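Comments concern the structure below.
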Amino acid sequence: MPRYDFQRIEPKWQKFWDENRTFVTLNTPPTGAQGKLYVLDMFPYPSGSGLHVGHPEGYTATDIVVRYNRMRGKHVLHPMGWDAFGLPAEEHAVKTGTHPAVTTKQNIDTFRRPLKMLGFSYDWSRELSTTDPEYYRWTQWIFLQLYDTWYDPEYEWTGPDGKKRLGKGRPISELPIPEELASVRREPDGQSSVDSHKHQRADAPRSPEIRKYQDQHRLAYLSEAPVNWCPGLGTVIANEEVINGKSERGDHPVIRMPLKQWMLRITAYADRLANELEDLGWPDSIKALQRNWIGRSVGAEVDFPLASVRREPDGSPERPTSLNQGAHAPRSPVLRVYTTRPDTLFGVTYMVLAPEHPLVDSITTPEQRAAVDEYRRKASLKSDLDRTDLAKDKSGVFTGGYAINPVNGERVPVWIADYVLISYGTGAIMAVPAHDERDWEFAKQNGIKIVPVVQPTKDWLANNISKDVDCSNDMLGQIADEVIQEAGGIDHVDPIWFLGDDKTRTREVLVARLTSARQGNVESISEHFGRMSDLFDRPYCEVGTAINSGKYNGLPTAEFKAQITADLTAAGLGKEAVNYRLRDWLFSRQRYWGEPFPIWHELDEAGNPTGLMRADSAEELPVLHPHMEDFKPTGTPEPMLAKAPDAWLYKTAADGVKLKRETNSMPQWAGSCWYYLRFCDNQNSERFIDPALEKYWLPVDLYVGGAEHAVLHLLYSRFWHKVLFDRGHVTGPEPFGKLVNQGMILGEAELTAYQKGSGKGQGTSDKAEEADSSLALNPQPSTLNDFVTIKDTIESPDGEGRIHKDTKEPLTLVKLTAEQVEKSGSNLVLKGTDIVVESRSYKMSKSRGNVINPDDVVKEYGADSLRLYEMFMGPLEQVKPWSMSGVEGVSRFLGRTWRMFVDERADEVALHPAIQDITPTDDQLRTLHKTIKAVTEDIEKLSFNTAISRMMEFCNEFGTLEPRPRAVLAPFVQLLSPFAPHIAEELWELLGHRDSLSYAPWPTWDEQHLVESEIEIPIQINGKLRAKIMVPAGADAVTLQTLAAAHANIAPQLAGKQIVKVVAVPGRMVNFVVKEQEPDSDSR
RNA sequence: GCCGUAGUGGCGGAAUGGCAGACGCGAUGGAUUCAAAAUCCAUUGUCCCCAAAGGACGUGUGGGUUCGAGUCCCACCUUCGGCACCA
């Protein structure tokens, strides 16, 4: 009985593909190739727990595109590899003593097997792993490129892509050396460092001063700065890896502490990373996410001269330095701030320095010293989490110092407060409490005066009336008018009212007005809006017309900004400035299982570091890991590799200088930053990629992966690529052309219950959550038994069962079935109770127990069914819940397809006798060609779910038809093959073909066959459907109208009515616009 | 708060401004079977109507544009995701 036996078919074809090297892609295009296509999946981290259903989602999508294009004659590149450095393998090593390399190899094997089992047409000869020394050798080489590069923001050039650019990463040897350093080069002992310009080696004998100067400008540099130290992980991590003060991986607390770490100067590329997003074929949402992350803002830097500064012995106080700030150097001691609102300069009533700001010491007066030191000490202990938690609390201390407001000469007190961040802008702000929420809160809390400098507009008044005032939009406008009238004109509306002071008369008028508007209770409203400011959502307005601003009074905000920026620049008091939320990328980790740095530190006679560094040459790469037995973290910020044997750690250079290896390692992102390049040329031992192959294959034409990489991997990769581009190693500025993010697959929908009437509000999640816990604490014994909602459970420490979060009792989670609930209005209710039941899907997670294992699905339904189901669930980009019965649905479709070709009642597998070489009818051909067209276009649009539904329709039409014309069925197999390649190959073979279907030409459709002789046309009266008629396909508007008017249902309805207009669109519809004779209450 | 995404049957979802709900799941009825599974056929947005014929309503809410709106415009509500003391 030859049923659809995927367990026989699938391994058979996987073996066939393997043995015939069906999917190996040569680097030379085959003759007659229709161009190249590089389709890439985000390569996985091979975790020990194996494949997850999310993986095959994107992989199937790309596989369909690849198989389709292969059949269309494209020269396709479709590789797969492993992002295999990272913590889990190392943590496993700590537990078991197994070397991470061993674990990694095992994990890769457990990942490769299911990928092969799913029939993806990867070219496995291009497989790579970031942990392979032959791979990370080039990762280290690229690091050396970064190390050898400085960014010249002034450099104008034309790239190989023909576009003009401003700003370029250039070799460090081309960095101009300042005069004062250059003079040092001629050393007294005659050891000149006038180098040949051509071959500069990193360890060339130059003066230490120059070398340190260069080191400060490299794209890869060492910096002592507060970083995110995560004791739980035993390493520092990047800003991007910190979520709400906890580590992204493991959810461990993160504390900030100053450490010397490697940084990559990604901020130098911030502008280009933001601007060059524009032309990318990426989803707007991802572009927005990156733009947001880069966070470009335009404003001005303004210098406030200091009124009282304790002079240092050398005569000048230290000036703040910032990487972000430009070169204009003030002559006298100043406090430089960055602001996006230079138009509010006249409203500055205090200034704030970040506690870590270098000027704090010199500005603090002796009287304030103790308080300032105490505040700084406390602030330094705060983790980012604490700072976030206490966001509302605007604490701060007065330093005793004053600065002079450059626009009006006023003395402004200088405070320190931790709501100002050292890492953004200049680490200091001018505070304008009248027009900034944070400054306003701070001023209120510390009793600082508030000076409004922006006059509210009528629009502001209308738009900011409190949401508690329940009235129409018209009413809001009227209230605004009322305020203005009461004040005697918009210019007399005093902004101070909104800053908290009462304005009794106006308030009374408004309250009366509101009362009449909503027929409310006068007293309650009066009480509710006790003060004028309560009537408005915000106590300040941001944009409007200038007041209290001297000669600028009357200027609208935008003009004021432009004007005063120009004036400040002219006076040398400031300049326009751009700032980024993006920070430099913290690039070192303290772990073993990452790429070692190809860097040495020079030691002096006593063995102490001199602060000078040397890089390994390209020939010395790769820098391999030292052999180690003990993988326990040091527990301190001291890197794991510091425990390496001396042979690895130390060496003496040719010039006799003692060297010690850099013991940090690179973060996991390093390997994934450039793997798409290596796939083009993964065997090359001379270069990281052959230039000709780079030019041929790049950029990646389609890149598919999860949206969780929107700001990490995708930003880092673009950065590295741009550096390689600037240094002439790649030919394009961007690595990825079209990008698609597959949506996450959620677990199967679960029913959760909560008590009716509990909580407040309407059906909000808050309510459900509140109710959840009360249910768990007071289970209804007779009705719910041990039913407990998921919220109340946590994973037990051994990771096996689940326990109650409060009682720590083990729990059995009872899933409700559809039979246990009944409908009640729009809700579901647990039968016989007042428990409301909600259906919801959650992220798959081990602790929730809703993880679907692809292996199990393949065992039960086959790889083709899994592939087909994941594509049929819905649009690729969308988040969608898993449904096992959905898998059964597509599995049934494959069964029907099988039976369309194979007679299951026969004794062996053979073509169904109903399939005959007969001439198809026009209708049959139309169905076939419609299907070819639809499937083809849907694949092009990556609309796989609709493509599959088209094939289902085809199958529904021909599945049981007898006889079935072979000429119609054969192309269907080709259409199906990208989606369900195994069954397609099998059927293709049954149809008598000996070669793999993979290169059979994709079917084309003929418009001629799509033409229908008669079509159905809807007839509307006043836009409402009243009838349908069959008309000849080519019928013109007049014919349509005549036929429609004569229709048995339409004629009576038109009788005696005035036809105002007839809209007849040939091939589409007819609409009669009639006027009702009696103005009857025709309920619209 | 800011940026982004999405709201359509019992469910997943489909619809170049032109017949809302393709396709699938689920459900109901039937055929087949000793019976079941599997399979096949039919019905399936809600409501009015004994039923049919027919009709009314229907794409988050309120307006608007249009002969015609799920689709376009304005305002709002809600969901999900990201960022969040970024000056």
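Residues are referred to by chain and number: the chain letter is A, B, ... according to the order shown in the structure tokens, the number counts from 1 in that chain, and ligands are numbered separately from 1 in the order shown.
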*With a cut-off of 6 Å and counting only C-alpha atoms (C1' of nucleotides), select all residues of chain A in contact with chain B and give the selection as JSON, numbers by chain.*
{"A": [285, 339, 419, 581, 886, 949, 1018, 1023]}
Inset, instruction - Tell me, as a PyMOL selection string, which residues lie within 12 Å of range 862-865 of chain A, counting only C-alpha atoms (C1' of nucleotides); anything in the same chain fewer than 4 positions away does not count. - result: chain A and resi 4-11+13-14+53+56+60+64+114-120+854-858+869-873+884-895+948+976-985
DSSP-assigned helix (DSSP H, G or I) members of range 76-177 of chain A, reported as a PyMOL selection string
chain A and resi 87-96+100-117+124-126+133-147+172-174
**Request:** Please measure the separation of CA of Thr399 in chain A and CA of Trp440 in chain A, giving the value in Å to one decimal.
**Result:**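 Taking CA of Thr399 in chain A as the start and CA of Trp440 in chain A as the end point, the length is 19.3 Å.
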